[in-house]
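Novice: Structure supplied as structure_20.pdb; contents: PDB, C-alpha atoms.
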ATOM      1  CA  MET A   1       0.000   0.000   0.000  1.00  0.00           C
ATOM      2  CA  LEU A   2       1.322   3.399  -0.937  1.00  0.00           C
ATOM      3  CA  GLN A   3       2.420   5.534   1.990  1.00  0.00           C
ATOM      4  CA  THR A   4       1.971   9.207   1.269  1.00  0.00           C
ATOM      5  CA  SER A   5       4.942  11.268   2.418  1.00  0.00           C
ATOM      6  CA  GLY A   6       4.311  13.101   5.658  1.00  0.00           C
ATOM      7  CA  VAL A   7       0.829  11.628   6.145  1.00  0.00           C
ATOM      8  CA  SER A   8       0.257   8.843   8.651  1.00  0.00           C
ATOM      9  CA  GLU A   9      -2.193   6.003   8.052  1.00  0.00           C
ATOM     10  CA  ASP A  10      -4.560   7.484  10.642  1.00  0.00           C
ATOM     11  CA  GLU A  11      -4.637  10.866   8.854  1.00  0.00           C
ATOM     12  CA  ARG A  12      -5.483   9.478   5.422  1.00  0.00           C
ATOM     13  CA  LYS A  13      -9.065   9.537   4.167  1.00  0.00           C
ATOM     14  CA  ARG A  14     -10.517   6.024   4.161  1.00  0.00           C
ATOM     15  CA  ILE A  15     -12.319   4.649   1.123  1.00  0.00           C
ATOM     16  CA  LEU A  16     -14.287   1.397   1.337  1.00  0.00           C
ATOM     17  CA  ILE A  17     -14.984  -0.336  -1.992  1.00  0.00           C
ATOM     18  CA  ILE A  18     -17.886  -2.810  -1.999  1.00  0.00           C
ATOM     19  CA  GLU A  19     -17.507  -4.457  -5.402  1.00  0.00           C
ATOM     20  CA  ASP A  20     -17.275  -8.089  -6.538  1.00  0.00           C
ATOM     21  CA  GLU A  21     -15.412  -7.619  -9.843  1.00  0.00           C
ATOM     22  CA  PRO A  22     -11.668  -8.126  -9.116  1.00  0.00           C
ATOM     23  CA  ASP A  23     -10.460  -6.085 -12.105  1.00  0.00           C
ATOM     24  CA  ILE A  24     -12.518  -3.058 -11.062  1.00  0.00           C
ATOM     25  CA  VAL A  25     -11.377  -3.401  -7.449  1.00  0.00           C
ATOM     26  CA  ARG A  26      -7.730  -3.637  -8.500  1.00  0.00           C
ATOM     27  CA  GLY A  27      -7.949  -0.588 -10.743  1.00  0.00           C
ATOM     28  CA  LEU A  28      -9.782   1.485  -8.147  1.00  0.00           C
ATOM     29  CA  ARG A  29      -7.457   0.443  -5.334  1.00  0.00           C
ATOM     30  CA  ASP A  30      -4.340   1.336  -7.330  1.00  0.00           C
ATOM     31  CA  ALA A  31      -5.711   4.729  -8.381  1.00  0.00           C
ATOM     32  CA  LEU A  32      -7.058   5.648  -4.945  1.00  0.00           C
ATOM     33  CA  GLU A  33      -3.917   4.587  -3.098  1.00  0.00           C
ATOM     34  CA  PHE A  34      -1.829   6.547  -5.593  1.00  0.00           C
ATOM     35  CA  GLU A  35      -3.913   9.607  -4.655  1.00  0.00           C
ATOM     36  CA  GLY A  36      -3.090   9.029  -0.984  1.00  0.00           C
ATOM     37  CA  PHE A  37      -6.272   7.358   0.248  1.00  0.00           C
ATOM     38  CA  ALA A  38      -6.367   4.359   2.571  1.00  0.00           C
ATOM     39  CA  VAL A  39      -8.413   1.655   0.840  1.00  0.00           C
ATOM     40  CA  GLU A  40     -10.259  -1.491   1.897  1.00  0.00           C
ATOM     41  CA  ALA A  41     -12.324  -3.647  -0.476  1.00  0.00           C
ATOM     42  CA  ARG A  42     -15.013  -6.243   0.115  1.00  0.00           C
ATOM     43  CA  GLY A  43     -16.809  -8.427  -2.421  1.00  0.00           C
ATOM     44  CA  THR A  44     -20.204  -8.871  -0.780  1.00  0.00           C
ATOM     45  CA  GLY A  45     -22.764  -6.593   0.805  1.00  0.00           C
ATOM     46  CA  SER A  46     -22.608  -8.326   4.180  1.00  0.00           C
ATOM     47  CA  GLU A  47     -18.807  -8.094   4.317  1.00  0.00           C
ATOM     48  CA  GLY A  48     -19.006  -4.458   3.223  1.00  0.00           C
ATOM     49  CA  VAL A  49     -21.474  -3.509   5.945  1.00  0.00           C
ATOM     50  CA  ALA A  50     -19.416  -5.292   8.609  1.00  0.00           C
ATOM     51  CA  THR A  51     -16.221  -3.562   7.478  1.00  0.00           C
ATOM     52  CA  ALA A  52     -17.939  -0.169   7.322  1.00  0.00           C
ATOM     53  CA  LEU A  53     -19.122  -0.533  10.918  1.00  0.00           C
ATOM     54  CA  GLU A  54     -15.717  -1.676  12.158  1.00  0.00           C
ATOM     55  CA  TRP A  55     -13.385   0.480  10.046  1.00  0.00           C
ATOM     56  CA  GLY A  56     -15.356   3.727   9.809  1.00  0.00           C
ATOM     57  CA  PRO A  57     -14.658   4.794   6.204  1.00  0.00           C
ATOM     58  CA  ASP A  58     -14.864   8.417   5.086  1.00  0.00           C
ATOM     59  CA  CYS A  59     -16.509   7.364   1.807  1.00  0.00           C
ATOM     60  CA  VAL A  60     -18.081   4.178   0.421  1.00  0.00           C
ATOM     61  CA  LEU A  61     -17.990   3.138  -3.245  1.00  0.00           C
ATOM     62  CA  LEU A  62     -20.879   0.699  -3.617  1.00  0.00           C
ATOM     63  CA  ASP A  63     -21.577  -1.609  -6.558  1.00  0.00           C
ATOM     64  CA  LEU A  64     -25.257  -2.096  -7.295  1.00  0.00           C
ATOM     65  CA  MET A  65     -25.070  -5.777  -8.296  1.00  0.00           C
ATOM     66  CA  LEU A  66     -23.528  -7.863  -5.505  1.00  0.00           C
ATOM     67  CA  PRO A  67     -23.568 -11.663  -5.123  1.00  0.00           C
ATOM     68  CA  ASP A  68     -25.483 -11.698  -1.832  1.00  0.00           C
ATOM     69  CA  ASP A  69     -27.657  -8.571  -2.004  1.00  0.00           C
ATOM     70  CA  ASN A  70     -28.416  -5.554  -4.173  1.00  0.00           C
ATOM     71  CA  GLY A  71     -26.719  -2.234  -3.630  1.00  0.00           C
ATOM     72  CA  TYR A  72     -29.989  -0.463  -2.855  1.00  0.00           C
ATOM     73  CA  ARG A  73     -30.537  -2.629   0.213  1.00  0.00           C
ATOM     74  CA  VAL A  74     -26.894  -2.375   1.279  1.00  0.00           C
ATOM     75  CA  CYS A  75     -27.102   1.401   0.932  1.00  0.00           C
ATOM     76  CA  GLU A  76     -30.215   1.521   3.110  1.00  0.00           C
ATOM     77  CA  VAL A  77     -28.499  -0.595   5.782  1.00  0.00           C
ATOM     78  CA  LEU A  78     -25.370   1.565   5.724  1.00  0.00           C
ATOM     79  CA  ARG A  79     -27.440   4.724   5.819  1.00  0.00           C
ATOM     80  CA  GLY A  80     -29.381   3.407   8.798  1.00  0.00           C
ATOM     81  CA  LYS A  81     -26.111   2.928  10.665  1.00  0.00           C
ATOM     82  CA  ASN A  82     -24.424   6.167   9.576  1.00  0.00           C
ATOM     83  CA  GLN A  83     -26.337   9.240   8.426  1.00  0.00           C
ATOM     84  CA  VAL A  84     -23.373  11.203   7.115  1.00  0.00           C
ATOM     85  CA  VAL A  85     -20.843   8.888   5.427  1.00  0.00           C
ATOM     86  CA  PRO A  86     -20.854   9.659   1.680  1.00  0.00           C
ATOM     87  CA  ILE A  87     -21.997   6.742  -0.487  1.00  0.00           C
ATOM     88  CA  ILE A  88     -21.276   6.705  -4.223  1.00  0.00           C
ATOM     89  CA  MET A  89     -23.031   3.983  -6.224  1.00  0.00           C
ATOM     90  CA  LEU A  90     -21.121   2.341  -9.080  1.00  0.00           C
ATOM     91  CA  THR A  91     -23.317   0.521 -11.573  1.00  0.00           C
ATOM     92  CA  ALA A  92     -23.949  -0.373 -15.188  1.00  0.00           C
ATOM     93  CA  LYS A  93     -27.610   0.615 -14.780  1.00  0.00           C
ATOM     94  CA  ALA A  94     -27.946   4.014 -16.412  1.00  0.00           C
ATOM     95  CA  GLN A  95     -31.714   4.455 -16.517  1.00  0.00           C
ATOM     96  CA  GLU A  96     -33.103   7.511 -14.749  1.00  0.00           C
ATOM     97  CA  ALA A  97     -35.380   5.314 -12.621  1.00  0.00           C
ATOM     98  CA  ASP A  98     -32.359   3.353 -11.345  1.00  0.00           C
ATOM     99  CA  LYS A  99     -30.513   6.553 -10.455  1.00  0.00           C
ATOM    100  CA  VAL A 100     -33.561   7.940  -8.637  1.00  0.00           C
ATOM    101  CA  ARG A 101     -33.957   4.689  -6.721  1.00  0.00           C
ATOM    102  CA  GLY A 102     -30.295   4.770  -5.705  1.00  0.00           C
ATOM    103  CA  LEU A 103     -30.488   8.366  -4.504  1.00  0.00           C
ATOM    104  CA  ASP A 104     -33.733   7.618  -2.674  1.00  0.00           C
ATOM    105  CA  ALA A 105     -32.008   4.694  -0.935  1.00  0.00           C
ATOM    106  CA  GLY A 106     -29.525   7.198   0.522  1.00  0.00           C
ATOM    107  CA  ALA A 107     -26.691   7.416  -2.023  1.00  0.00           C
ATOM    108  CA  ASP A 108     -25.000  10.786  -2.408  1.00  0.00           C
ATOM    109  CA  ASP A 109     -23.861  10.222  -5.979  1.00  0.00           C
ATOM    110  CA  TYR A 110     -24.346   7.726  -8.790  1.00  0.00           C
ATOM    111  CA  VAL A 111     -21.662   6.843 -11.335  1.00  0.00           C
ATOM    112  CA  THR A 112     -22.404   4.562 -14.290  1.00  0.00           C
ATOM    113  CA  LYS A 113     -19.978   1.977 -15.692  1.00  0.00           C
ATOM    114  CA  PRO A 114     -17.785   2.291 -17.599  1.00  0.00           C
ATOM    115  CA  PHE A 115     -16.571   5.381 -15.781  1.00  0.00           C
ATOM    116  CA  SER A 116     -13.488   7.551 -15.706  1.00  0.00           C
ATOM    117  CA  VAL A 117     -11.430   6.863 -12.578  1.00  0.00           C
ATOM    118  CA  ALA A 118     -10.165  10.454 -12.721  1.00  0.00           C
ATOM    119  CA  GLU A 119     -13.754  11.752 -12.673  1.00  0.00           C
ATOM    120  CA  LEU A 120     -14.663   9.419  -9.799  1.00  0.00           C
ATOM    121  CA  ILE A 121     -11.711  10.675  -7.745  1.00  0.00           C
ATOM    122  CA  ALA A 122     -12.729  14.265  -8.550  1.00  0.00           C
ATOM    123  CA  ARG A 123     -16.237  13.492  -7.267  1.00  0.00           C
ATOM    124  CA  ILE A 124     -14.818  11.979  -4.069  1.00  0.00           C
ATOM    125  CA  ASN A 125     -12.606  15.024  -3.504  1.00  0.00           C
ATOM    126  CA  ALA A 126     -15.561  17.345  -4.182  1.00  0.00           C
ATOM    127  CA  ILE A 127     -17.569  15.572  -1.473  1.00  0.00           C
ATOM    128  CA  PHE A 128     -14.696  15.958   0.984  1.00  0.00           C
ATOM    129  CA  ARG A 129     -14.413  19.670   0.154  1.00  0.00           C
ATOM    130  CA  ARG A 130     -18.119  20.112   0.809  1.00  0.00           C
ATOM    131  CA  GLN A 131     -17.759  18.294   4.129  1.00  0.00           C
ATOM    132  CA  ALA A 132     -14.940  20.636   5.120  1.00  0.00           C
ATOM    133  CA  ARG A 133     -17.056  23.673   4.251  1.00  0.00           C
ATOM    134  CA  LEU A 134     -19.994  22.289   6.211  1.00  0.00           C
ATOM    135  CA  SER A 135     -17.875  21.865   9.330  1.00  0.00           C
ATOM    136  CA  ALA A 136     -17.029  25.571   9.156  1.00  0.00           C
ATOM    137  CA  THR A 137     -20.635  26.756   8.918  1.00  0.00           C
ATOM    138  CA  ASP A 138     -23.512  27.092  11.357  1.00  0.00           C
ATOM    139  CA  ASP A 139     -25.028  23.734  12.264  1.00  0.00           C
ATOM    140  CA  THR A 140     -28.626  24.849  11.727  1.00  0.00           C
ATOM    141  CA  PHE A 141     -30.533  27.358   9.647  1.00  0.00           C
ATOM    142  CA  LEU A 142     -34.100  27.925   8.499  1.00  0.00           C
ATOM    143  CA  ILE A 143     -35.607  27.793   5.030  1.00  0.00           C
ATOM    144  CA  GLY A 144     -39.278  28.599   5.217  1.00  0.00           C
ATOM    145  CA  ALA A 145     -40.850  26.375   7.843  1.00  0.00           C
ATOM    146  CA  TRP A 146     -38.040  23.820   7.636  1.00  0.00           C
ATOM    147  CA  SER A 147     -35.094  23.664  10.041  1.00  0.00           C
ATOM    148  CA  ILE A 148     -31.928  22.463   8.316  1.00  0.00           C
ATOM    149  CA  ASN A 149     -29.280  20.715  10.422  1.00  0.00           C
ATOM    150  CA  ALA A 150     -26.060  20.764   8.402  1.00  0.00           C
ATOM    151  CA  ARG A 151     -24.154  18.558  10.845  1.00  0.00           C
ATOM    152  CA  LYS A 152     -26.778  15.798  10.873  1.00  0.00           C
ATOM    153  CA  HIS A 153     -27.795  16.280   7.224  1.00  0.00           C
ATOM    154  CA  THR A 154     -31.472  16.516   8.123  1.00  0.00           C
ATOM    155  CA  MET A 155     -34.386  18.865   7.561  1.00  0.00           C
ATOM    156  CA  SER A 156     -37.260  18.908  10.009  1.00  0.00           C
ATOM    157  CA  ARG A 157     -40.651  20.495  10.448  1.00  0.00           C
ATOM    158  CA  GLY A 158     -42.574  19.570  13.565  1.00  0.00           C
ATOM    159  CA  ARG A 159     -42.276  15.800  13.920  1.00  0.00           C
ATOM    160  CA  THR A 160     -41.346  15.276  10.283  1.00  0.00           C
ATOM    161  CA  VAL A 161     -37.627  14.648   9.730  1.00  0.00           C
ATOM    162  CA  LYS A 162     -36.069  13.988   6.325  1.00  0.00           C
ATOM    163  CA  ARG A 163     -32.477  13.032   5.559  1.00  0.00           C
ATOM    164  CA  LEU A 164     -30.526  15.194   3.117  1.00  0.00           C
ATOM    165  CA  THR A 165     -27.799  14.027   0.756  1.00  0.00           C
ATOM    166  CA  PHE A 166     -24.674  16.157   0.418  1.00  0.00           C
ATOM    167  CA  TYR A 167     -25.940  17.600  -2.844  1.00  0.00           C
ATOM    168  CA  GLU A 168     -29.369  18.458  -1.434  1.00  0.00           C
ATOM    169  CA  LEU A 169     -27.771  20.176   1.544  1.00  0.00           C
ATOM    170  CA  GLU A 170     -25.411  22.136  -0.691  1.00  0.00           C
ATOM    171  CA  VAL A 171     -28.314  23.298  -2.870  1.00  0.00           C
ATOM    172  CA  LEU A 172     -30.201  24.494   0.219  1.00  0.00           C
ATOM    173  CA  LYS A 173     -27.123  26.284   1.533  1.00  0.00           C
ATOM    174  CA  LEU A 174     -26.615  28.051  -1.781  1.00  0.00           C
ATOM    175  CA  LEU A 175     -30.273  29.083  -1.910  1.00  0.00           C
ATOM    176  CA  ARG A 176     -29.999  30.363   1.657  1.00  0.00           C
ATOM    177  CA  GLU A 177     -26.938  32.429   0.776  1.00  0.00           C
ATOM    178  CA  ARG A 178     -28.704  33.830  -2.289  1.00  0.00           C
ATOM    179  CA  GLU A 179     -32.054  34.475  -0.623  1.00  0.00           C
ATOM    180  CA  ASP A 180     -34.494  36.388  -2.879  1.00  0.00           C
ATOM    181  CA  GLU A 181     -32.099  36.000  -5.830  1.00  0.00           C
ATOM    182  CA  ALA A 182     -32.347  33.771  -8.882  1.00  0.00           C
ATOM    183  CA  VAL A 183     -29.761  30.966  -9.096  1.00  0.00           C
ATOM    184  CA  SER A 184     -29.078  29.653 -12.598  1.00  0.00           C
ATOM    185  CA  ARG A 185     -28.711  26.017 -13.555  1.00  0.00           C
ATOM    186  CA  ASP A 186     -25.096  26.661 -14.602  1.00  0.00           C
ATOM    187  CA  GLU A 187     -24.284  28.154 -11.214  1.00  0.00           C
ATOM    188  CA  LEU A 188     -25.841  25.177  -9.444  1.00  0.00           C
ATOM    189  CA  LEU A 189     -23.803  22.775 -11.556  1.00  0.00           C
ATOM    190  CA  GLU A 190     -20.580  24.660 -10.909  1.00  0.00           C
ATOM    191  CA  LYS A 191     -20.957  25.452  -7.198  1.00  0.00           C
ATOM    192  CA  VAL A 192     -22.765  22.336  -6.016  1.00  0.00           C
ATOM    193  CA  TRP A 193     -21.613  19.551  -8.334  1.00  0.00           C
ATOM    194  CA  GLY A 194     -18.282  21.071  -9.325  1.00  0.00           C
ATOM    195  CA  VAL A 195     -19.126  20.688 -13.010  1.00  0.00           C
ATOM    196  CA  GLN A 196     -18.081  23.362 -15.473  1.00  0.00           C
ATOM    197  CA  PRO A 197     -21.061  24.142 -17.755  1.00  0.00           C
ATOM    198  CA  ASN A 198     -20.554  23.657 -21.483  1.00  0.00           C
TER     199      ASN A 198
END
Could you quickly redo this structure as structure tokens?

Specialist:
Amino acid sequence: MLQTSGVSEDERKRILIIEDEPDIVRGLRDALEFEGFAVEARGTGSEGVATALEWGPDCVLLDLMLPDDNGYRVCEVLRGKNQVVPIIMLTAKAQEADKVRGLDAGADDYVTKPFSVAELIARINAIFRRQARLSATDDTFLIGAWSINARKHTMSRGRTVKRLTFYELEVLKLLREREDEAVSRDELLEKVWGVQPN
């Protein structure tokens, strides 16, 4: 495993890969370790959940088609145990309905195969940057009748509590900062998703 100069194992961001295709795991592990991440990989959903609970990853890369369970269910289990760990789904299913189902299950992002490893790493780094910004902001703020808790990634009104993904929270934060102003689609793409508009 690559040791990044000047950074101890404990200081490195931890990435858990839950994927049963050895070639994909090998390629991801090599690329992520080269970028200075600590990496663990598991080939089944049950092993992935157990490792996530024991190891405490900073991000989970989750395949949708696993030998013992589907990624939607694994995502729901992980999300039930940890409300804030970023989960990025990796799958060959590119239909909008599949993406919506994955995001509804608690995923923060959805990347379809075949994918660019460089883009995936950029997405991971973007999530970590957003986390760092969140830690430097107020924990709670109001939008209309909803109370937004940035630390817990929740929005609540009365007894109703909904979980927010990183992207949803970032959109709400941007709208809060730009109260009573129009926010363009291009600005949302650039500031929230880190995508440069065409």

Novice: Running the PyMOL selection byres ((chain A and resi 103) around 12) on this model by hand, what would come out? Give it as JSON, numbers by chain.

Specialist: {"A": [71, 72, 73, 75, 76, 79, 86, 87, 88, 89, 96, 97, 98, 99, 100, 101, 102, 104, 105, 106, 107, 108, 109, 110, 111, 163, 164, 165, 166, 167, 168]}

Novice: Pull C-alpha atoms from the residues just selected and write them as a PDB file, in the frame of the given file.

Specialist:
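Below is the file result-v7.pdb, written as the result:
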ATOM      1  CA  GLY A  71     -26.719  -2.234  -3.630  1.00  0.00           C
ATOM      2  CA  TYR A  72     -29.989  -0.463  -2.855  1.00  0.00           C
ATOM      3  CA  ARG A  73     -30.537  -2.629   0.213  1.00  0.00           C
ATOM      4  CA  CYS A  75     -27.102   1.401   0.932  1.00  0.00           C
ATOM      5  CA  GLU A  76     -30.215   1.521   3.110  1.00  0.00           C
ATOM      6  CA  ARG A  79     -27.440   4.724   5.819  1.00  0.00           C
ATOM      7  CA  PRO A  86     -20.854   9.659   1.680  1.00  0.00           C
ATOM      8  CA  ILE A  87     -21.997   6.742  -0.487  1.00  0.00           C
ATOM      9  CA  ILE A  88     -21.276   6.705  -4.223  1.00  0.00           C
ATOM     10  CA  MET A  89     -23.031   3.983  -6.224  1.00  0.00           C
ATOM     11  CA  GLU A  96     -33.103   7.511 -14.749  1.00  0.00           C
ATOM     12  CA  ALA A  97     -35.380   5.314 -12.621  1.00  0.00           C
ATOM     13  CA  ASP A  98     -32.359   3.353 -11.345  1.00  0.00           C
ATOM     14  CA  LYS A  99     -30.513   6.553 -10.455  1.00  0.00           C
ATOM     15  CA  VAL A 100     -33.561   7.940  -8.637  1.00  0.00           C
ATOM     16  CA  ARG A 101     -33.957   4.689  -6.721  1.00  0.00           C
ATOM     17  CA  GLY A 102     -30.295   4.770  -5.705  1.00  0.00           C
ATOM     18  CA  ASP A 104     -33.733   7.618  -2.674  1.00  0.00           C
ATOM     19  CA  ALA A 105     -32.008   4.694  -0.935  1.00  0.00           C
ATOM     20  CA  GLY A 106     -29.525   7.198   0.522  1.00  0.00           C
ATOM     21  CA  ALA A 107     -26.691   7.416  -2.023  1.00  0.00           C
ATOM     22  CA  ASP A 108     -25.000  10.786  -2.408  1.00  0.00           C
ATOM     23  CA  ASP A 109     -23.861  10.222  -5.979  1.00  0.00           C
ATOM     24  CA  TYR A 110     -24.346   7.726  -8.790  1.00  0.00           C
ATOM     25  CA  VAL A 111     -21.662   6.843 -11.335  1.00  0.00           C
ATOM     26  CA  ARG A 163     -32.477  13.032   5.559  1.00  0.00           C
ATOM     27  CA  LEU A 164     -30.526  15.194   3.117  1.00  0.00           C
ATOM     28  CA  THR A 165     -27.799  14.027   0.756  1.00  0.00           C
ATOM     29  CA  PHE A 166     -24.674  16.157   0.418  1.00  0.00           C
ATOM     30  CA  TYR A 167     -25.940  17.600  -2.844  1.00  0.00           C
ATOM     31  CA  GLU A 168     -29.369  18.458  -1.434  1.00  0.00           C
TER      32      GLU A 168
END

Novice: In Å to one decimal, how far is atom CA of A:Leu90 from atom CA of A:Leu61?

Specialist: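 Value for the atom CA of A:Leu61-atom CA of A:Leu90 distance: 6.7 Å.
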
Novice: To one decimal in Å, tell me the separation between atom CA of A:Lys173 and atom CA of A:Arg130.

Specialist: 10.9 Å

Novice: Let me know the residues the PyMOL selection byres ((chain A and resi 31) around 12) catches in the file above, as a ChimeraX atom specification.

Specialist: /A:1-2,15,24-30,32-39,116-122

Novice: On this file, the PyMOL selection byres ((chain A and resi 148) around 10) gives some set of residues; write that set as a PyMOL selection string.

Specialist: chain A and resi 139-143+145-147+149-157+161-164+169+172-173

Novice: Nearest residue to A:Glu11 out of A:Asp68, A:Asp58, A:Arg129, A:Lys113, using only C-alpha atoms?

Specialist: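 Smallest distance to A:Glu11 is found for A:Asp58.
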
Novice: Would you mind telling me which residue in A:Arg176, A:Gly48, A:Asn70, A:Val171 lies nearest to A:Leu188 when using only C-alpha atoms?

Specialist: A:Val171

Novice: With only C-alpha atoms as the basis for distance, which of A:Val192, A:Phe128, A:Asn82, A:Thr160 is at the shortest distance from A:Leu175?

Specialist: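 Among A:Val192, A:Phe128, A:Asn82, A:Thr160, it is A:Val192 that comes nearest to A:Leu175.
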
Novice: So for stretch 137-154 of chain A, what box centre and size do we get, axis-aligned, 6 Å extra on each of the six sides, every listed atom, Å to one decimal, as lines of an AutoDock Vina configuration file?

Specialist:
center_x = -30.7
center_y = 22.2
center_z = 8.6
size_x = 32.2
size_y = 24.8
size_z = 19.2

Novice: How many Å separate atom CA of A:Ile17 from atom CA of A:Ala132?

Specialist: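 These two atoms are separated by 22.1 Å.
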
Novice: Choose the residue, out of A:Ile127, A:Ala92, A:Glu19, A:Ala50, that has the smallest atom-to-atom separation from A:Leu62; count only C-alpha atoms.

Specialist: A:Glu19

Novice: Could you name the residues that touch A:Leu66 at 10 Å or less, counting only C-alpha atoms, but leaving out those on the same chain fewer than 3 positions away, as JSON, numbers by chain?

Specialist: {"A": [18, 19, 20, 21, 43, 44, 45, 46, 62, 63, 69, 70, 71, 74]}

Novice: Smallest atom-to-atom distance to A:Pro67: which of A:Glu54, A:Glu47, A:Glu170, A:Asp23, using only C-alpha atoms?

Specialist: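 Of all the options, A:Glu47 lies closest to A:Pro67.
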
Novice: Restore N, CA, C and O atoms in stretch 39-50 of chain A and list the result as an mmCIF file, in the frame of the given file.

Specialist:
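Final output, out26.cif:
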data_model
loop_
_atom_site.group_PDB
_atom_site.id
_atom_site.type_symbol
_atom_site.label_atom_id
_atom_site.label_comp_id
_atom_site.auth_asym_id
_atom_site.auth_seq_id
_atom_site.Cartn_x
_atom_site.Cartn_y
_atom_site.Cartn_z
ATOM 1 N N VAL A 39 -7.363 2.378 1.550
ATOM 2 C CA VAL A 39 -8.413 1.655 0.840
ATOM 3 C C VAL A 39 -8.621 0.262 1.425
ATOM 4 O O VAL A 39 -7.655 -0.457 1.703
ATOM 5 N N GLU A 40 -9.869 -0.121 1.597
ATOM 6 C CA GLU A 40 -10.259 -1.491 1.897
ATOM 7 C C GLU A 40 -11.303 -1.887 0.868
ATOM 8 O O GLU A 40 -12.076 -1.037 0.408
ATOM 9 N N ALA A 41 -11.355 -3.166 0.506
ATOM 10 C CA ALA A 41 -12.324 -3.647 -0.476
ATOM 11 C C ALA A 41 -12.975 -4.931 0.016
ATOM 12 O O ALA A 41 -12.304 -5.790 0.600
ATOM 13 N N ARG A 42 -14.263 -5.043 -0.232
ATOM 14 C CA ARG A 42 -15.013 -6.243 0.115
ATOM 15 C C ARG A 42 -15.897 -6.625 -1.065
ATOM 16 O O ARG A 42 -16.412 -5.753 -1.773
ATOM 17 N N GLY A 43 -16.111 -7.943 -1.249
ATOM 18 C CA GLY A 43 -16.809 -8.427 -2.421
ATOM 19 C C GLY A 43 -18.271 -8.733 -2.247
ATOM 20 O O GLY A 43 -18.953 -9.077 -3.211
ATOM 21 N N THR A 44 -18.782 -8.631 -1.014
ATOM 22 C CA THR A 44 -20.204 -8.871 -0.780
ATOM 23 C C THR A 44 -20.788 -7.749 0.061
ATOM 24 O O THR A 44 -20.053 -7.036 0.760
ATOM 25 N N GLY A 45 -22.107 -7.630 0.019
ATOM 26 C CA GLY A 45 -22.764 -6.593 0.805
ATOM 27 C C GLY A 45 -22.596 -6.799 2.286
ATOM 28 O O GLY A 45 -22.333 -5.853 3.039
ATOM 29 N N SER A 46 -22.714 -8.049 2.743
ATOM 30 C CA SER A 46 -22.608 -8.326 4.180
ATOM 31 C C SER A 46 -21.207 -8.022 4.696
ATOM 32 O O SER A 46 -21.037 -7.440 5.775
ATOM 33 N N GLU A 47 -20.177 -8.404 3.917
ATOM 34 C CA GLU A 47 -18.807 -8.094 4.317
ATOM 35 C C GLU A 47 -18.574 -6.582 4.301
ATOM 36 O O GLU A 47 -17.882 -6.045 5.180
ATOM 37 N N GLY A 48 -19.161 -5.902 3.316
ATOM 38 C CA GLY A 48 -19.006 -4.458 3.223
ATOM 39 C C GLY A 48 -19.614 -3.732 4.407
ATOM 40 O O GLY A 48 -18.999 -2.822 4.972
ATOM 41 N N VAL A 49 -20.815 -4.138 4.795
ATOM 42 C CA VAL A 49 -21.474 -3.509 5.945
ATOM 43 C C VAL A 49 -20.659 -3.741 7.211
ATOM 44 O O VAL A 49 -20.433 -2.820 8.002
ATOM 45 N N ALA A 50 -20.202 -4.977 7.409
ATOM 46 C CA ALA A 50 -19.416 -5.292 8.609
ATOM 47 C C ALA A 50 -18.138 -4.474 8.659
ATOM 48 O O ALA A 50 -17.766 -3.933 9.714
#
